[in-house]
$ cat target_24.cif   # mmCIF, C-alpha atoms
data_query
loop_
_atom_site.label_atom_id
_atom_site.label_comp_id
_atom_site.auth_asym_id
_atom_site.auth_seq_id
_atom_site.Cartn_x
_atom_site.Cartn_y
_atom_site.Cartn_z
CA MET T 917 -11.29 17.20 10.33
CA PRO T 918 -10.41 16.50 6.68
CA SER T 919 -13.32 15.04 4.71
CA LEU T 920 -13.72 11.56 3.24
CA GLU T 921 -13.25 12.96 -0.28
CA GLN T 922 -9.84 14.42 0.58
CA PHE T 923 -8.59 11.04 1.83
CA LEU T 924 -10.03 9.31 -1.23
CA VAL T 925 -8.22 11.74 -3.54
CA VAL T 926 -4.88 11.10 -1.79
CA SER T 927 -5.51 7.34 -1.98
CA ALA T 928 -6.41 7.62 -5.68
CA ALA T 929 -3.24 9.63 -6.31
CA PHE T 930 -1.14 6.94 -4.59
CA PHE T 931 -2.83 4.18 -6.58
CA CYS T 932 -2.37 5.96 -9.92
CA ILE T 933 1.26 6.94 -9.30
CA GLY T 934 1.90 3.30 -8.36
CA LEU T 935 0.06 2.09 -11.46
CA TYR T 936 2.14 4.35 -13.67
CA GLY T 937 5.31 3.02 -12.03
CA VAL T 938 4.25 -0.62 -12.44
CA LEU T 939 3.47 -0.14 -16.13
CA SER T 940 6.41 2.05 -17.08
CA ARG T 941 9.53 1.03 -15.12
CA ARG T 942 12.13 -1.37 -16.52
CA ASN T 943 13.74 -2.47 -13.26
CA VAL T 944 11.79 -5.22 -11.46
CA VAL T 945 12.63 -3.79 -8.03
CA ALA T 946 11.20 -0.41 -9.12
CA VAL T 947 8.06 -2.22 -10.28
CA LEU T 948 7.76 -3.90 -6.86
CA MET T 949 8.21 -0.53 -5.11
CA SER T 950 5.42 0.98 -7.22
CA LEU T 951 3.27 -2.03 -6.36
CA GLU T 952 3.73 -1.22 -2.66
CA LEU T 953 2.48 2.32 -3.37
CA MET T 954 -0.68 0.83 -4.90
CA PHE T 955 -1.21 -1.38 -1.81
CA ASN T 956 -0.87 1.71 0.39
CA GLY T 957 -3.44 3.64 -1.63
CA VAL T 958 -5.94 0.79 -1.22
CA ASN T 959 -5.25 0.61 2.53
CA LEU T 960 -5.89 4.32 2.95
CA ALA T 961 -9.21 4.08 1.10
CA ALA T 962 -10.31 1.09 3.24
CA VAL T 963 -9.48 2.84 6.52
CA ALA T 964 -11.04 6.15 5.40
CA PHE T 965 -14.29 4.39 4.43
CA SER T 966 -14.47 2.57 7.76
CA ARG T 967 -13.96 5.89 9.56
CA PHE T 968 -16.48 8.03 7.64
CA VAL T 969 -19.17 5.89 6.04
CA LEU T 970 -22.25 4.64 7.81
CA PRO T 971 -22.08 0.83 7.88
CA GLY T 972 -24.88 -1.20 6.32
CA PRO T 973 -27.22 -3.32 8.42
CA LEU T 974 -25.27 -4.25 11.54
CA SER T 975 -25.14 -8.03 11.58
CA VAL T 976 -22.25 -10.01 13.03
CA GLY T 977 -20.18 -8.35 15.72
CA GLY T 978 -22.25 -5.16 16.07
CA ILE T 979 -20.84 -1.66 15.89
CA ALA T 980 -17.24 -2.68 16.65
CA ALA T 981 -17.13 -5.00 13.65
CA ALA T 982 -18.78 -2.39 11.44
CA ALA T 983 -16.47 0.39 12.55
CA LEU T 984 -13.23 -1.57 12.28
CA THR T 985 -13.73 -3.92 9.32
CA GLY T 986 -11.82 -1.50 7.09
CA GLN T 987 -8.88 -1.52 9.47
CA VAL T 988 -8.88 -5.33 9.70
CA PHE T 989 -8.96 -5.49 5.89
CA ALA T 990 -5.96 -3.14 5.80
CA LEU T 991 -4.13 -5.41 8.28
CA PHE T 992 -4.73 -8.42 6.04
CA ILE T 993 -3.52 -6.41 3.04
CA VAL T 994 -0.33 -5.54 4.94
CA ALA T 995 0.26 -9.24 5.69
CA VAL T 996 -0.35 -10.27 2.08
CA ALA T 997 1.90 -7.43 0.86
CA ALA T 998 4.69 -8.68 3.14
CA ALA T 999 4.32 -12.20 1.71
CA GLU T 1000 4.22 -10.80 -1.82
CA VAL T 1001 7.33 -8.68 -1.43
CA ALA T 1002 9.32 -11.52 0.17
CA LEU T 1003 8.45 -13.92 -2.65
CA GLY T 1004 8.83 -11.23 -5.32
CA LEU T 1005 12.32 -10.26 -4.20
CA ALA T 1006 13.32 -13.93 -3.95
CA LEU T 1007 12.22 -14.31 -7.58
CA VAL T 1008 14.19 -11.17 -8.50
CA LEU T 1009 17.34 -12.61 -6.92
CA ALA T 1010 16.84 -15.97 -8.63
CA LEU T 1011 16.32 -14.17 -11.95
CA TYR T 1012 19.42 -12.05 -11.44
CA ARG T 1013 21.50 -15.13 -10.70
CA GLN T 1014 20.29 -16.91 -13.80
CA ARG T 1015 20.23 -14.06 -16.33
CA GLY T 1016 22.48 -11.35 -14.89
CA THR T 1017 19.81 -8.69 -15.38
CA ILE T 1018 16.53 -7.66 -13.77
CA ASP T 1019 15.30 -5.54 -16.67
CA VAL T 1020 11.74 -6.65 -17.46
CA THR T 1021 12.19 -5.86 -21.16
CA GLU T 1022 15.12 -8.26 -21.39
CA VAL T 1023 13.39 -11.21 -19.72
CA ASN T 1024 11.93 -13.01 -22.71
CA LEU T 1025 12.55 -16.65 -21.83
CA MET T 1026 8.99 -17.65 -22.80
CA GLN T 1027 8.91 -15.79 -26.12
CA ARG T 1028 11.23 -18.16 -27.93
CA MET Z 498 -8.92 25.58 9.11
CA THR Z 499 -8.07 23.45 12.11
CA VAL Z 500 -4.71 21.99 13.16
CA LEU Z 501 -5.82 18.62 11.79
CA ASP Z 502 -6.39 20.14 8.34
CA VAL Z 503 -2.90 21.68 8.34
CA VAL Z 504 -1.42 18.31 9.36
CA PHE Z 505 -3.45 16.61 6.64
CA TRP Z 506 -2.22 18.93 3.89
CA ALA Z 507 1.38 18.68 5.07
CA LEU Z 508 1.15 14.87 5.11
CA ALA Z 509 -0.53 14.84 1.71
CA ALA Z 510 2.25 16.98 0.22
CA VAL Z 511 4.96 14.74 1.72
CA ALA Z 512 3.15 11.54 0.71
CA ILE Z 513 2.41 12.46 -2.90
CA GLY Z 514 5.79 14.14 -3.34
CA SER Z 515 7.63 11.02 -2.14
CA ALA Z 516 5.38 8.75 -4.20
CA LEU Z 517 6.32 10.76 -7.29
CA GLY Z 518 9.94 10.53 -6.17
CA VAL Z 519 9.72 6.71 -6.00
CA VAL Z 520 8.60 6.56 -9.62
CA PHE Z 521 10.59 9.38 -11.22
CA ILE Z 522 13.95 9.54 -9.36
CA ARG Z 523 16.71 8.07 -11.47
CA ASP Z 524 18.78 6.66 -8.58
CA LEU Z 525 17.10 3.45 -7.34
CA PHE Z 526 18.55 3.69 -3.84
CA ARG Z 527 17.13 7.22 -3.38
CA ALA Z 528 13.81 5.99 -4.77
CA ALA Z 529 13.76 3.36 -1.99
CA LEU Z 530 14.38 6.09 0.60
CA PHE Z 531 11.46 8.09 -0.87
CA LEU Z 532 9.39 4.93 -0.50
CA VAL Z 533 10.14 4.91 3.25
CA ALA Z 534 9.03 8.57 3.46
CA ALA Z 535 5.78 7.70 1.66
CA PHE Z 536 5.15 4.80 4.10
CA LEU Z 537 5.72 7.07 7.12
CA ALA Z 538 3.35 9.74 5.74
CA MET Z 539 0.77 7.00 5.26
CA ALA Z 540 1.18 6.04 8.93
CA GLY Z 541 0.40 9.70 9.75
CA PHE Z 542 -2.86 9.46 7.75
CA PHE Z 543 -3.80 6.33 9.71
CA ILE Z 544 -3.31 8.22 12.99
CA ILE Z 545 -5.57 11.05 11.76
CA LEU Z 546 -8.19 8.43 10.88
CA GLY Z 547 -8.09 6.92 14.39
CA ALA Z 548 -6.31 3.72 13.30
CA GLU Z 549 -3.37 3.90 15.70
CA PHE Z 550 -2.72 0.16 15.73
CA LEU Z 551 -2.58 0.08 11.94
CA ALA Z 552 -0.21 3.07 11.98
CA VAL Z 553 2.20 1.14 14.24
CA VAL Z 554 1.90 -1.94 12.01
CA GLN Z 555 2.57 0.29 8.99
CA VAL Z 556 5.78 1.64 10.53
CA LEU Z 557 6.95 -1.82 11.67
CA VAL Z 558 6.07 -3.85 8.59
CA TYR Z 559 6.30 -1.35 5.72
CA ALA Z 560 8.82 1.27 6.83
CA GLY Z 561 10.81 -1.34 8.78
CA ALA Z 562 10.70 -4.74 7.13
CA ILE Z 563 9.54 -4.31 3.53
CA SER Z 564 11.76 -1.30 2.79
CA ILE Z 565 14.80 -3.12 4.21
CA LEU Z 566 14.03 -6.13 1.99
CA ILE Z 567 13.76 -3.82 -1.03
CA ILE Z 568 17.03 -2.06 -0.21
CA PHE Z 569 18.70 -5.49 0.15
CA ALA Z 570 17.40 -6.47 -3.27
CA ILE Z 571 18.66 -3.21 -4.80
CA MET Z 572 22.11 -3.76 -3.28
CA MET Z 573 22.33 -7.44 -4.28
CA THR Z 574 21.38 -6.91 -7.92
CA GLY Z 575 23.85 -5.02 -10.03
CA ASP Z 576 21.40 -2.93 -12.00
CA VAL Z 577 21.59 0.04 -9.63
CA THR Z 578 24.09 1.83 -11.83
CA ARG Z 579 21.74 1.77 -14.83
CA GLY Z 580 19.13 3.56 -12.76
CA ASN Z 581 15.37 3.64 -12.82
CA LEU Z 582 14.68 3.75 -16.55
CA ALA Z 583 11.31 3.89 -18.28
CA ASN Z 584 10.28 1.35 -20.92
CA ARG Z 585 8.68 1.93 -24.34
CA LEU Z 586 5.15 1.91 -22.94
CA SER Z 587 5.75 4.80 -20.57
CA PRO Z 588 3.64 7.49 -22.40
CA LEU Z 589 0.73 5.05 -22.69
CA ALA Z 590 1.09 4.16 -19.00
CA LEU Z 591 1.01 7.88 -18.12
CA VAL Z 592 -2.24 8.35 -20.04
CA THR Z 593 -3.80 5.26 -18.43
CA ALA Z 594 -2.84 6.36 -14.92
CA ALA Z 595 -4.05 9.93 -15.50
CA LEU Z 596 -7.41 8.73 -16.86
CA LEU Z 597 -7.84 6.38 -13.89
CA LEU Z 598 -7.02 9.24 -11.50
CA VAL Z 599 -9.65 11.48 -13.10
CA ALA Z 600 -12.22 8.66 -12.89
CA LEU Z 601 -11.42 7.90 -9.23
CA VAL Z 602 -11.60 11.57 -8.18
CA PHE Z 603 -14.90 11.92 -10.05
CA VAL Z 604 -16.34 8.88 -8.23
CA ALA Z 605 -15.04 10.14 -4.88
CA TYR Z 606 -16.93 13.42 -5.26
CA GLN Z 607 -20.04 11.92 -6.89
CA GLY Z 608 -20.32 8.87 -4.62
CA GLY Z 609 -23.29 9.97 -2.49
CA TRP Z 610 -21.71 8.25 0.52
CA ARG Z 611 -23.97 7.64 3.53
CA LEU Z 612 -21.80 9.54 5.98
CA LEU Z 613 -21.61 8.74 9.68
CA SER Z 614 -21.91 12.42 10.57
CA ASP Z 615 -25.52 12.33 9.28
CA SER Z 616 -26.62 9.98 12.08
CA PRO Z 617 -25.37 11.24 15.47
CA GLY Z 618 -26.41 8.12 17.42
CA VAL Z 619 -24.25 5.73 15.42
CA GLU Z 620 -21.44 8.28 15.29
CA ALA Z 621 -21.21 8.39 19.10
CA ALA Z 622 -20.98 4.58 19.33
CA HIS Z 623 -18.46 4.63 16.48
CA ALA Z 624 -16.30 7.21 18.28
CA GLN Z 625 -16.42 5.09 21.44
CA VAL Z 626 -15.09 2.08 19.47
CA LEU Z 627 -12.42 4.20 17.80
CA SER Z 628 -11.18 5.45 21.18
CA GLN Z 629 -9.79 1.97 21.92
CA THR Z 630 -9.01 0.48 18.54
CA PRO Z 631 -6.31 -2.10 19.44
CA SER Z 632 -8.45 -4.15 21.83
CA TYR Z 633 -11.42 -4.17 19.43
CA VAL Z 634 -9.20 -5.06 16.47
CA GLY Z 635 -7.67 -7.91 18.48
CA ARG Z 636 -11.08 -9.24 19.42
CA LEU Z 637 -12.31 -9.01 15.81
CA LEU Z 638 -9.25 -10.90 14.56
CA VAL Z 639 -9.86 -13.93 16.80
CA ARG Z 640 -13.66 -13.94 16.52
CA GLU Z 641 -15.35 -12.71 13.33
CA PHE Z 642 -12.17 -12.90 11.22
CA LEU Z 643 -10.66 -16.07 12.74
CA LEU Z 644 -10.59 -18.09 9.51
CA PRO Z 645 -9.01 -15.33 7.34
CA PHE Z 646 -6.54 -14.70 10.17
CA GLU Z 647 -5.39 -18.34 10.15
CA VAL Z 648 -5.32 -18.44 6.35
CA VAL Z 649 -3.18 -15.30 6.11
CA GLY Z 650 -0.79 -16.74 8.72
CA THR Z 651 -0.42 -19.92 6.68
CA LEU Z 652 0.06 -17.85 3.52
CA LEU Z 653 2.84 -15.83 5.15
CA LEU Z 654 4.58 -19.01 6.35
CA ALA Z 655 4.29 -20.63 2.92
CA ALA Z 656 5.56 -17.49 1.18
CA LEU Z 657 8.59 -17.19 3.46
CA ILE Z 658 9.49 -20.87 3.10
CA GLY Z 659 9.06 -20.48 -0.66
CA ALA Z 660 11.32 -17.42 -0.67
CA ILE Z 661 14.04 -19.30 1.24
CA ALA Z 662 13.74 -22.28 -1.12
CA LEU Z 663 14.03 -19.97 -4.15
CA VAL Z 664 17.18 -18.14 -3.11
CA ARG Z 665 18.98 -21.09 -1.50
CA GLU Z 666 22.36 -21.98 -3.02
CA GLN Z 667 22.11 -25.30 -4.86
#

$ encode --input "target_24.cif" --output "structure tokens"
Amino acid sequence: MPSLEQFLVVSAAFFCIGLYGVLSRRNVVAVLMSLELMFNGVNLAAVAFSRFVLPGPLSVGGIAAAALTGQVFALFIVAVAAAEVALGLALVLALYRQRGTIDVTEVNLMQR
Amino acid sequence: MTVLDVVFWALAAVAIGSALGVVFIRDLFRAALFLVAAFLAMAGFFIILGAEFLAVVQVLVYAGAISILIIFAIMMTGDVTRGNLANRLSPLALVTAALLLVALVFVAYQGGWRLLSDSPGVEAAHAQVLSQTPSYVGRLLVREFLLPFEVVGTLLLAALIGAIALVREQ
């Protein structure tokens, strides 16, 4: 069985590649794709922690809650990511209709 | 080295390779296809970790729905031909991301995590829960996490109505 550290390193790699993409790409859709990579890295870390790490004092829900909280968190993150990407792409389309470009360096409506 | 280790390393290579592809490939459409590969590799990690339900959700929502939405957006906006360019800040972003990676890997190996494998009693109960994840996850969602569950449902509804309102023809 791979260790917790190995999963954490993969999750960190995902997060950092995504972060680099978010900060460095010019196309908004590419930025959104990199954002999804970051979400995935966080999900992997949450699930790996819930699989390997001893839960704190077991309070509500007992061992099932303690063992699966990471997975439930990841489910919520998936739902929020779906909402985010739907709204984000709607904004991208609205922007494209109005300005004819989705280059983040050319969207400077609020600078003037 | 067990079979699981081999599977892990193969998945890690596919996942990180496709993640790099998403960011560095010039052709946006191919980058979106690499994104699907990264999502599927992530589903494989979830299966290794005993989160089968989450793996299915990952394939359905990420590899199915979100990637299709992204491909739609790429097709409907005309910037595909210009490709996936970098902006002025790209070297700075590379340094930031590399530093963060070093810090995260350092923390992962220094963390002093209280591992389950150190307490066999809890680990047995844990393994019993993990052997039937979907039913336990379902019960958790409508008991301990009922309020967040309802809130996230409302959020999703609001976001989708907002998205429709935004792209509607006037």

$ residues_around --input "target_24.cif" --residues "region 622-632 of chain Z" --least-positions-apart "2" --cutoff "6 Å" --atoms "only C-alpha atoms" --output "list in words"
Ala980 of chain T; Phe550, Val619, Glu620, Val634 and Gly635 of chain Z

$ atom_distance --input "target_24.cif" --atom1 "CA of Ile979 (chain T)" --atom2 "CA of Tyr633 (chain Z)"
10.4 Å

$ resolve_selection --input "target_24.cif" --expression "the PyMOL selection byres ((chain T and resi 1023-1028) around 12)" --output "PyMOL selection string"
chain T and resi 942-944+1008+1011-1012+1014-1022

$ resolve_selection --input "target_24.cif" --expression "the PyMOL selection byres ((chain T) within 6 of (chain Z))" --output "JSON, numbers by chain"
{"T": [917, 918, 921, 925, 932, 936, 937, 939, 940, 941, 942, 968, 969, 970, 980, 999, 1003, 1006, 1010]}

$ write_last_selection --input "target_24.cif" --atoms "C-alpha atoms" --output "compact mmCIF listing (two decimals), in the frame of the given file"
# COMPACT_ATOMS: atom_id res chain seq x y z
CA MET T 917 -11.29 17.20 10.33
CA PRO T 918 -10.41 16.50 6.68
CA GLU T 921 -13.25 12.96 -0.28
CA VAL T 925 -8.22 11.74 -3.54
CA CYS T 932 -2.37 5.96 -9.92
CA TYR T 936 2.14 4.35 -13.67
CA GLY T 937 5.31 3.02 -12.03
CA LEU T 939 3.47 -0.14 -16.13
CA SER T 940 6.41 2.05 -17.08
CA ARG T 941 9.53 1.03 -15.12
CA ARG T 942 12.13 -1.37 -16.52
CA PHE T 968 -16.48 8.03 7.64
CA VAL T 969 -19.17 5.89 6.04
CA LEU T 970 -22.25 4.64 7.81
CA ALA T 980 -17.24 -2.68 16.65
CA ALA T 999 4.32 -12.20 1.71
CA LEU T 1003 8.45 -13.92 -2.65
CA ALA T 1006 13.32 -13.93 -3.95
CA ALA T 1010 16.84 -15.97 -8.63

$ closest_residue --input "target_24.cif" --among "T:Val996, T:Leu1005, T:Ala962, T:Leu991" --to "Leu948 (chain T)" --atoms "all atoms listed in the file"
T:Leu1005

$ closest_residue --input "target_24.cif" --among "T:Val938, T:Leu953, T:Ala983, T:Val945" --to "Leu1007 (chain T)" --atoms "only C-alpha atoms"
T:Val945

$ atom_distance --input "target_24.cif" --atom1 "CA of Pro617 (chain Z)" --atom2 "CA of Phe989 (chain T)"
25.3 Å

$ atom_distance --input "target_24.cif" --atom1 "CA of Arg527 (chain Z)" --atom2 "CA of Phe923 (chain T)"
26.5 Å

$ decode --input "target_24.cif" --residues "region 917-939 of chain T" --atoms "N, CA and C atoms" --output "PDB file, in the first residue's frame"
ATOM      1  N   MET T 917       0.857  -1.202   0.000  1.00  0.00           N
ATOM      2  CA  MET T 917       0.000   0.000   0.000  1.00  0.00           C
ATOM      3  C   MET T 917       0.886   1.242   0.000  1.00  0.00           C
ATOM      4  N   PRO T 918       0.641   2.175  -0.952  1.00  0.00           N
ATOM      5  CA  PRO T 918       1.395   3.435  -0.949  1.00  0.00           C
ATOM      6  C   PRO T 918       1.149   4.197   0.350  1.00  0.00           C
ATOM      7  N   SER T 919       2.123   4.990   0.773  1.00  0.00           N
ATOM      8  CA  SER T 919       1.995   5.672   2.061  1.00  0.00           C
ATOM      9  C   SER T 919       1.263   7.005   1.897  1.00  0.00           C
ATOM     10  N   LEU T 920       0.889   7.558   3.067  1.00  0.00           N
ATOM     11  CA  LEU T 920       0.197   8.861   3.073  1.00  0.00           C
ATOM     12  C   LEU T 920       1.042   9.928   2.378  1.00  0.00           C
ATOM     13  N   GLU T 921       2.375   9.899   2.660  1.00  0.00           N
ATOM     14  CA  GLU T 921       3.246  10.935   2.102  1.00  0.00           C
ATOM     15  C   GLU T 921       3.222  10.918   0.576  1.00  0.00           C
ATOM     16  N   GLN T 922       3.196   9.712  -0.010  1.00  0.00           N
ATOM     17  CA  GLN T 922       3.189   9.629  -1.477  1.00  0.00           C
ATOM     18  C   GLN T 922       1.938  10.307  -2.046  1.00  0.00           C
ATOM     19  N   PHE T 923       0.780  10.022  -1.426  1.00  0.00           N
ATOM     20  CA  PHE T 923      -0.451  10.663  -1.911  1.00  0.00           C
ATOM     21  C   PHE T 923      -0.377  12.172  -1.728  1.00  0.00           C
ATOM     22  N   LEU T 924       0.186  12.603  -0.589  1.00  0.00           N
ATOM     23  CA  LEU T 924       0.268  14.048  -0.351  1.00  0.00           C
ATOM     24  C   LEU T 924       1.169  14.721  -1.378  1.00  0.00           C
ATOM     25  N   VAL T 925       2.254  14.028  -1.785  1.00  0.00           N
ATOM     26  CA  VAL T 925       3.151  14.631  -2.778  1.00  0.00           C
ATOM     27  C   VAL T 925       2.434  14.766  -4.119  1.00  0.00           C
ATOM     28  N   VAL T 926       1.678  13.713  -4.515  1.00  0.00           N
ATOM     29  CA  VAL T 926       0.931  13.817  -5.780  1.00  0.00           C
ATOM     30  C   VAL T 926      -0.082  14.955  -5.693  1.00  0.00           C
ATOM     31  N   SER T 927      -0.769  15.059  -4.541  1.00  0.00           N
ATOM     32  CA  SER T 927      -1.778  16.110  -4.402  1.00  0.00           C
ATOM     33  C   SER T 927      -1.111  17.491  -4.437  1.00  0.00           C
ATOM     34  N   ALA T 928       0.065  17.611  -3.794  1.00  0.00           N
ATOM     35  CA  ALA T 928       0.780  18.892  -3.831  1.00  0.00           C
ATOM     36  C   ALA T 928       1.214  19.227  -5.252  1.00  0.00           C
ATOM     37  N   ALA T 929       1.660  18.203  -5.998  1.00  0.00           N
ATOM     38  CA  ALA T 929       2.075  18.446  -7.382  1.00  0.00           C
ATOM     39  C   ALA T 929       0.894  18.954  -8.204  1.00  0.00           C
ATOM     40  N   PHE T 930      -0.284  18.322  -8.034  1.00  0.00           N
ATOM     41  CA  PHE T 930      -1.482  18.766  -8.752  1.00  0.00           C
ATOM     42  C   PHE T 930      -1.791  20.217  -8.412  1.00  0.00           C
ATOM     43  N   PHE T 931      -1.773  20.510  -7.107  1.00  0.00           N
ATOM     44  CA  PHE T 931      -2.140  21.863  -6.671  1.00  0.00           C
ATOM     45  C   PHE T 931      -1.182  22.886  -7.264  1.00  0.00           C
ATOM     46  N   CYS T 932       0.130  22.577  -7.247  1.00  0.00           N
ATOM     47  CA  CYS T 932       1.108  23.571  -7.702  1.00  0.00           C
ATOM     48  C   CYS T 932       1.086  23.731  -9.219  1.00  0.00           C
ATOM     49  N   ILE T 933       0.892  22.618  -9.953  1.00  0.00           N
ATOM     50  CA  ILE T 933       0.765  22.747 -11.415  1.00  0.00           C
ATOM     51  C   ILE T 933      -0.454  23.612 -11.732  1.00  0.00           C
ATOM     52  N   GLY T 934      -1.571  23.358 -11.012  1.00  0.00           N
ATOM     53  CA  GLY T 934      -2.774  24.146 -11.218  1.00  0.00           C
ATOM     54  C   GLY T 934      -2.543  25.607 -10.888  1.00  0.00           C
ATOM     55  N   LEU T 935      -1.816  25.852  -9.775  1.00  0.00           N
ATOM     56  CA  LEU T 935      -1.543  27.236  -9.370  1.00  0.00           C
ATOM     57  C   LEU T 935      -0.731  27.952 -10.442  1.00  0.00           C
ATOM     58  N   TYR T 936       0.296  27.253 -10.964  1.00  0.00           N
ATOM     59  CA  TYR T 936       1.096  27.859 -12.022  1.00  0.00           C
ATOM     60  C   TYR T 936       0.214  28.201 -13.226  1.00  0.00           C
ATOM     61  N   GLY T 937      -0.687  27.265 -13.593  1.00  0.00           N
ATOM     62  CA  GLY T 937      -1.566  27.517 -14.728  1.00  0.00           C
ATOM     63  C   GLY T 937      -2.475  28.712 -14.488  1.00  0.00           C
ATOM     64  N   VAL T 938      -3.068  28.782 -13.274  1.00  0.00           N
ATOM     65  CA  VAL T 938      -3.973  29.897 -12.967  1.00  0.00           C
ATOM     66  C   VAL T 938      -3.247  31.228 -13.072  1.00  0.00           C
ATOM     67  N   LEU T 939      -2.004  31.273 -12.569  1.00  0.00           N
ATOM     68  CA  LEU T 939      -1.281  32.550 -12.548  1.00  0.00           C
ATOM     69  C   LEU T 939      -0.691  32.918 -13.902  1.00  0.00           C
TER      70      LEU T 939
END
